[in-house]
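Below is one structure, written out as structure tokens, with a few remarks after it.
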Amino acid sequence: MNKKEPLLYISKRESITWQKSWMIRGIAILLALVFCGIITMLLTGLNPIEVFSTIFYGAFGTMRKSWVTAQKLAILLGISLAITPAFKMRFWNIGAEGQVLIGCLACAACMITLGGKVPSALLVLISLAASLAAGALWGFLPAIFKAHWETNETLFTLMMNYIAMQLAAYFIIVWEVPKGSGNIGIINQNSQAGWLPVLGGQQYLLTILLIAVLTGFMYVYLTYSKHGYEISVVGESHRTASYAGIKVGRVIVRTMVLSGAICGLVGFLLVSGNDHTLTTTLVDGRGFTAVMVSWLAKFNPIGMIFTSLLLVVLERGATEISSVFSLNHSFADILTGIILFFIIGSDFFTNYQVHFRKAKKEVE
Amino acid sequence: MEVVKNAVRMENITKRFGTKVVANNAVNLELHEGEILSLLGENGSGKTTLMNMLSGIYHPDEGQIYIHDKPVVIASPKDAFDNGIGMIHQHFKLVDVFTATENIVLGLPGKLDLKKSAQKIREICEKYGFDIDPDQKIYNMSVSQKQTVEIVKVLYRGADILILDEPTAVLTPQETDKLFQIMRNMQKDGKSLIIITHKLHEVLEVSDRVAILRKGEYVGDVATKDADQQSLTDMMVGRRVSLNINRPNPVDPKPRLVIEHLTAYDELGVKRLDDVSFTANSGEVLGIAGVAGSGQRELLEAVAGLYPVKEGKILFYDPDYDGTDKLPKNLVGMDPMAIRKAGVAMSFVPEDRLGMGLVGTMGMTGNMLLRSWRKTKGLFVSRKEPEAMAKRIWEELEVVTPSTNFPVRRMSGGNVQKVLVGREIAQEPAVLMTAYAVRGLDINTSYTIYNLLTEQKLKGRAVIYVGEDLDVLLELCDRIVVLCGGQVSGVVDARTTDKREVGRLMTLHKGGAENE
Amino acid sequence: MFDFVSFIPRAVMQGTPLLFGSTGEILTEKSGNLNLGIPGIMYVGAISGVIGSFFYEQSMAGQPLNGFWAIAIPMACSLLGSLLMGLLYCFLTVTLRANQNVTGLALTTFGVGFGNFFGGSLIKLAHSDVPSVALPATSAFFSKHLPFADNLGWFGKIFLSYGFLAYLAIIIALIASYILNHTRAGLHLRSVGESPATADAAGINVTRHKYLATCIGSMIAGLGGLYYVMDYACGIWSNNAFGDRGWLAIALVIFTIWRPNISILASILFGGLYILYLYIPTGTQMEVKELYKMLPYVITLLVLIVVSLRKKREDQPPASLGLSYFREDR
């Protein structure tokens, strides 16, 4: 519409087929992998094929490695699923980190204070309920303020992360074993009270199965349930939602309570099912990574399986590379960052078209 | 006779949007120095597009612009400023948290000296008779004050050619008078002004000359002293307008919706509805007329349960009400869901179609669900019925869309409205409320909508039609409620009244109401 | 009696990285960019400085350092590192219009990883034989304070005992505050953050302002990382030692309701709360200190809530914060 048309101009795409949009992302991921390969080559001297075979080995090289990868996938996917309803509602919840951690704390608290006093099975249930409630509370607080006073949820949930972290830090010192160590150690190591039962001899199997069920549940919930429909409408426009008789505030609060509770569930799985301890870094930034997993999959629970798989495999592989070459294991974060930048950038090409002057060619 | 000098001359200006739409076709326009020119034309006649090419927002595809008889290229708003052209748009471009001064100096080069600037603004205000406080924040201002800031902004930059795009649409009659006085002051100071409008009485009141556009083409110009309402209308619409909307007589009208002493305030505490009372009958189309912002939106939203009501009653009489044993339902205090649960079949086609009536990213089916998602039992939504309804509307109203899952946001305006109106009618409402149902639609779609509304009336439903085009209101409706400043200034029979009477009522303030 | 004379200097030293971070983030947010990558950028700012100075110290092979280069090299590296991060953020969010939250979080993942990776692997990658990354010689230049400060008793301790970067942080905050509130550039920047369409119509280049504000903001924030490692941590890099100070800086932005001048005192307050546990007798209850560390976040949360309850327009976040601007959307 401008007069002296610049060399390039940009317009919003009318529509794009899903094949095309996934092709664009595929190309972006491929480019990112090539780029990561080059960086790794420069730092380690491996040739590209070795780089990727090492990454693959790191993720799936042995049975043990595969299980760990699957467990990490399950946890990351679980957190991503938890925050997705909120994000679909355009509620920028970046507090999953805290919501999971407070779930961990609640679970550990039950295991420590009630360990040996109630039967283990009952203790597991109590811990589960406590984790769900704690996570839900951490989701409820920002939601109620958002619903009533439009308090900025991004900043609110961010602050809640650190409140959870300091609470956890406080209790870790209260419960530290031995005194002065700053560590809790393995909770109920001998009695295994409150530990999630081990299925088929595989410690992580139950966690993985639960998350698989959760994935199906979340897909159905978002796609076919009334709640899912309400969430979509609220995410689109609060005014439309009111017009349709949807109580916006109630949907925001309900969805965030659900979101927080599922985070609490993941926290429970982490403590009761996997690590049997509590540290302030137990969640390890996955609350933030989950935001990206969910967003990259366009909030589609099935798509999230793949995006979280991509990030987890990369992280495991990069960890392998760094341990082989005795480099710092943060190498994984660098590769993750690069992949994310490429995918984030590629989104532009699915939303917009770039035209060259005169020659109206599409550029992907 | 002295030689007229041209402040602006536009020669053979053509502007196309895409390949199909020709917004302006070989338009020639002259603005003499020191005159007030009215640019008259119906909605969609290309007035704003033409002026946007003077203000640097668009660039003409063909043609040449001369400013003070020198050929110029206006490539950006900045070029327009440099040529002394300033345009006051309908939608104000102001930063809410800034003061008037800060907004006025925004984008100018040089050192920032707000005190000096405020002083200069005061001088401008004094010179032309504006009434604003340079240190007041925009969010504390009324619409008319904001408009004043926009005008001062243009004058501050030294513009001698001012373009005002429908400046009176948001003003009360008193404010309009004041604006016209200021325009005359500016004219006395040697400025040249163009006012875009489609209100004839304003044209006659304020301008020296009138230029008329019709469907993107320049029809001609006439000195105001030689024109009257009739001749201008004829030029504007080409022929005498007879819309030929089919209007059967009301069918067994009985009170369906009775509004009593309705008063409502917005969140800033400004009174938006002031003791509004009227009755909407079944089997008739009740029109609601008024200048934009007279309380139409608030009224409909209050009835729909979306706007808080301070006082008064909204009484709904069931269609099978026999007038004796049952009392009417008072809808005040109910939200949309409560209203629906109370068994009140009410449909509402809101003004903001995609922002309120529909979900833009969803297809027709998803949007049908907006009405029925609660109806099915259980936790899940059923898409079967909505899908069928979507298909029916798609066929019956000839909606152009590739599928019932195609996002409605990507449809054209007319199709979007068909989806919305179609859905609301399919609810078989006892009361159907529509706000600006044909705004922005082409002639054919508009008639489709008129016919749909008339059909509803024949089915014995109470139809409320909020409109802005008086011709349509007079030919479509049975009775017209006229709002002015949140009050009912009159209720007239649409068959016997005329435009002049309705126009008079639209500006008839009873006093007491704070219309900002 | 509470020992203010030793408490305040420590609070200031804790607060200085936060002040850099929050000033940078305020400038960024005033342009409408919510840069959640600040924590990562501060890591990159720190490690870039460390890398620069590491190689400089290595190249001098034990000879005394030249004071000018010992400061200029890490500074330049730090600024360059954080500038690149800022550019990356802008390219993705402004030019490619990507989601700001996601981009910011990715930037933080990347930046923290970058810092820890090079902090942990620098020695190996450089094939050096030193045991750990410690730069005491460089640090000595950064933490040098006025020679006569020690002779002035409590006054010297409270006001004159800091390295030059601490004063620079205050000066930058004051300049930023002045620019935002009293200059045309500041007015234009604020209009971009409030209403880019209005700014655009007034002939202000929205893209350029966003890029400039975000990149300069990133560079300022990066200096916070540099101060931390060179002055506060005496030139010793240890992974994750910088911790969550980046997020605390973002909290500070809210706490000061987007005012860099308030941030000067507020950062000292936050720094003080961070170390308050050292000064309040907790007896044997070490755990209580963790609760004190929670205070900055709790207080920020309260400020956020109060501000949203009061609905005072001037105290709200920039209206277009977090949104990308596309002219044809208007």
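Scheme for the structure tokens: letters A, B, ... for chains in order shown; per-chain residue numbers from 1; ligand numbers from 1 in order shown.
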Open item on the list: Residues of chain B were defined as contacting chain C if any atom lay at most 10 Å from it, counting only C-alpha atoms; please report them as a PyMOL selection string.
Closed with: chain B and resi 56-57+76-79+81+92-98+102-114+137+139
- [ ] Kindly determine which residues of chain C lie within 8 Å of chain A, considering only C-alpha atoms, and give the answer as JSON, numbers by chain.
- [x] {"C": [92, 96, 97, 98, 99, 102, 103, 105, 106, 107, 109, 110, 111, 112, 113, 114, 116, 117, 118, 120, 121, 124, 125, 251, 286, 287, 288, 289, 290, 291, 293, 294, 297, 298, 300, 301, 304, 305, 308, 309, 328]}
Output N, CA and C atoms for every residue in that selection, as a compact mmCIF listing (two decimals), in the first residue's frame.
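again36.txt, freshly written:
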# COMPACT_ATOMS: atom_id res chain seq x y z
N LEU C 92 14.36 -11.54 16.41
CA LEU C 92 13.26 -12.51 16.49
C LEU C 92 11.93 -11.83 16.80
N LEU C 96 11.04 -10.47 13.08
CA LEU C 96 10.27 -11.68 12.76
C LEU C 96 8.98 -11.78 13.58
N ARG C 97 8.76 -10.84 14.46
CA ARG C 97 7.50 -10.73 15.23
C ARG C 97 7.17 -12.00 16.01
N ALA C 98 8.20 -12.64 16.54
CA ALA C 98 7.95 -13.85 17.32
C ALA C 98 7.39 -13.46 18.69
N ASN C 99 6.82 -14.45 19.34
CA ASN C 99 6.27 -14.23 20.67
C ASN C 99 7.37 -13.83 21.65
N VAL C 102 8.18 -16.39 24.74
CA VAL C 102 8.90 -17.60 24.34
C VAL C 102 10.33 -17.27 23.95
N THR C 103 10.49 -16.20 23.18
CA THR C 103 11.83 -15.81 22.76
C THR C 103 12.69 -15.48 23.98
N LEU C 105 12.40 -16.52 27.09
CA LEU C 105 12.75 -17.71 27.86
C LEU C 105 13.83 -18.51 27.14
N ALA C 106 13.72 -18.60 25.81
CA ALA C 106 14.74 -19.32 25.06
C ALA C 106 16.09 -18.63 25.20
N LEU C 107 16.05 -17.31 25.21
CA LEU C 107 17.28 -16.54 25.34
C LEU C 107 17.92 -16.78 26.71
N THR C 109 17.50 -19.55 28.59
CA THR C 109 18.06 -20.91 28.54
C THR C 109 19.43 -20.88 27.88
N PHE C 110 19.47 -20.22 26.73
CA PHE C 110 20.71 -20.17 25.96
C PHE C 110 21.80 -19.42 26.72
N GLY C 111 21.44 -18.27 27.25
CA GLY C 111 22.44 -17.41 27.89
C GLY C 111 23.03 -18.05 29.14
N VAL C 112 22.16 -18.61 29.99
CA VAL C 112 22.66 -19.25 31.21
C VAL C 112 23.53 -20.44 30.82
N GLY C 113 23.08 -21.20 29.81
CA GLY C 113 23.87 -22.34 29.33
C GLY C 113 25.21 -21.88 28.79
N PHE C 114 25.17 -20.80 28.04
CA PHE C 114 26.39 -20.24 27.44
C PHE C 114 27.39 -19.87 28.53
N ASN C 116 27.52 -20.88 31.75
CA ASN C 116 28.01 -22.02 32.50
C ASN C 116 28.94 -22.89 31.65
N PHE C 117 28.60 -23.01 30.37
CA PHE C 117 29.41 -23.85 29.51
C PHE C 117 30.83 -23.29 29.40
N PHE C 118 30.91 -22.01 29.07
CA PHE C 118 32.26 -21.46 28.90
C PHE C 118 32.94 -21.28 30.24
N GLY C 120 32.67 -23.30 32.65
CA GLY C 120 33.14 -24.61 33.05
C GLY C 120 34.15 -25.21 32.09
N SER C 121 34.14 -24.77 30.84
CA SER C 121 34.99 -25.44 29.83
C SER C 121 36.08 -24.55 29.28
N LYS C 124 39.65 -25.86 29.49
CA LYS C 124 39.90 -26.99 28.59
C LYS C 124 39.98 -26.51 27.14
N LEU C 125 39.05 -25.65 26.77
CA LEU C 125 39.01 -25.20 25.38
C LEU C 125 40.24 -24.38 25.05
N ALA C 251 11.94 -8.42 38.67
CA ALA C 251 11.03 -8.10 39.77
C ALA C 251 11.19 -6.64 40.17
N MET C 286 19.18 -21.63 60.96
CA MET C 286 19.71 -21.22 59.68
C MET C 286 18.62 -21.11 58.61
N GLU C 287 17.57 -21.90 58.81
CA GLU C 287 16.55 -21.95 57.76
C GLU C 287 15.84 -20.61 57.57
N VAL C 288 15.81 -19.81 58.63
CA VAL C 288 15.06 -18.56 58.55
C VAL C 288 15.63 -17.64 57.47
N LYS C 289 16.94 -17.76 57.23
CA LYS C 289 17.53 -16.89 56.22
C LYS C 289 16.90 -17.12 54.85
N GLU C 290 16.46 -18.33 54.60
CA GLU C 290 15.82 -18.60 53.32
C GLU C 290 14.50 -17.84 53.20
N LEU C 291 13.85 -17.68 54.35
CA LEU C 291 12.59 -16.92 54.32
C LEU C 291 12.88 -15.44 54.07
N LYS C 293 15.22 -14.34 52.27
CA LYS C 293 15.51 -14.22 50.85
C LYS C 293 14.23 -14.16 50.01
N MET C 294 13.15 -14.61 50.60
CA MET C 294 11.87 -14.60 49.89
C MET C 294 11.30 -13.18 49.84
N TYR C 297 10.72 -10.99 46.66
CA TYR C 297 9.67 -11.49 45.75
C TYR C 297 8.29 -11.21 46.32
N VAL C 298 8.15 -11.43 47.62
CA VAL C 298 6.85 -11.20 48.23
C VAL C 298 6.47 -9.73 48.13
N THR C 300 7.56 -7.54 45.96
CA THR C 300 7.25 -7.21 44.56
C THR C 300 5.84 -7.65 44.19
N LEU C 301 5.50 -8.84 44.66
CA LEU C 301 4.16 -9.34 44.38
C LEU C 301 3.11 -8.40 44.96
N LEU C 304 2.84 -5.37 42.85
CA LEU C 304 2.10 -5.69 41.63
C LEU C 304 0.60 -5.70 41.90
N ILE C 305 0.23 -6.31 43.02
CA ILE C 305 -1.20 -6.41 43.35
C ILE C 305 -1.77 -5.03 43.66
N SER C 308 -2.27 -2.95 40.63
CA SER C 308 -3.40 -3.34 39.80
C SER C 308 -4.73 -3.02 40.49
N LEU C 309 -4.72 -3.00 41.82
CA LEU C 309 -5.95 -2.64 42.53
C LEU C 309 -6.23 -1.15 42.39
N GLU C 328 0.30 -2.98 9.24
CA GLU C 328 -0.95 -3.22 8.52
C GLU C 328 -2.05 -3.80 9.38
Open item on the list: If I take atom CA of Ile36 of chain B and atom CA of Tyr58 of chain B, how far is one from the other in Å, to one decimal?
Closed with: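 Those two atoms sit 23.2 Å apart.
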- [ ] Return the neighbours of chain B among the residues of chain A, cut-off 6 Å, counting only C-alpha atoms, as a list in words.
- [x] Lys3, Tyr224, Ser225, Lys226, Arg239, Thr240, Ala244 and Gly245 of chain A
Going by DSSP on the backbone, which bits of segment 402-502 of chain B are strand (DSSP E)? Write them as a short mmCIF file (atom, residue, chain, number, x, y, z; two decimals) with C-alpha atoms, in the first residue's frame, please.
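New file states.cif:
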data_model
loop_
_atom_site.label_atom_id
_atom_site.label_comp_id
_atom_site.auth_asym_id
_atom_site.auth_seq_id
_atom_site.Cartn_x
_atom_site.Cartn_y
_atom_site.Cartn_z
CA VAL B 431 -36.69 -10.80 20.89
CA LEU B 432 -34.08 -10.14 18.21
CA MET B 433 -31.75 -7.21 18.76
CA THR B 434 -29.40 -6.01 16.03
CA ALA B 435 -26.80 -3.26 16.22
CA ALA B 462 -39.98 -8.43 18.47
CA VAL B 463 -37.18 -7.04 16.34
CA ILE B 464 -35.02 -4.15 17.54
CA TYR B 465 -32.95 -2.50 14.84
CA VAL B 466 -30.26 -0.02 15.81
CA ARG B 479 -41.72 2.69 15.07
CA ILE B 480 -38.50 4.51 15.89
CA VAL B 481 -37.12 5.34 19.31
CA VAL B 482 -34.74 8.26 19.07
CA LEU B 483 -31.92 8.46 21.58
CA CYS B 484 -29.99 11.57 22.39
CA GLN B 487 -32.15 9.76 26.90
CA VAL B 488 -35.18 8.95 24.80
CA SER B 489 -35.87 12.18 22.96
CA GLY B 490 -38.88 10.82 21.13
CA VAL B 491 -40.74 7.81 19.80
CA VAL B 492 -42.18 8.24 16.31
CA ASP B 493 -44.23 6.27 13.83
#
Open item on the list: For segment 246-255 of chain B, find every residue with an atom within 9 Å (counting only C-alpha atoms), except residues of its own chain fewer than 6 positions away, and show them as JSON, numbers by chain.
Closed with: {"B": [279, 280, 281, 282, 283, 284, 285, 316, 317, 319, 450, 451, 454, 457, 458, 459, 460, 462, 475, 476, 477, 478]}
- [ ] Find, counting only C-alpha atoms, the residue in A:Asn188, A:Ser80, A:Thr255, A:Gln353 that gets nearest to Glu97 of chain A.
- [x] A:Ser80
Open item on the list: Would you pick out the contacts of segment 261-267 of chain C at 9 Å or less, using only C-alpha atoms, so that residues sharing its chain but fewer than 2 positions from it are not included, and give the list as a PyMOL selection string?
Closed with: chain C and resi 11-12+14-19+22-23+169-170+173-178+249+252-253+255-259+269-272
TODO: Among the residues of segment 198-346 of chain B, find those DSSP assigns to alpha helix (DSSP H) from the backbone and print them as JSON, numbers by chain.
DONE: {"B": [200, 201, 202, 203, 204, 205, 206, 229, 230, 231, 232, 233, 234, 235, 236, 237, 296, 297, 298, 299, 300, 301, 302, 303, 304, 336, 337, 338, 339, 340, 341]}
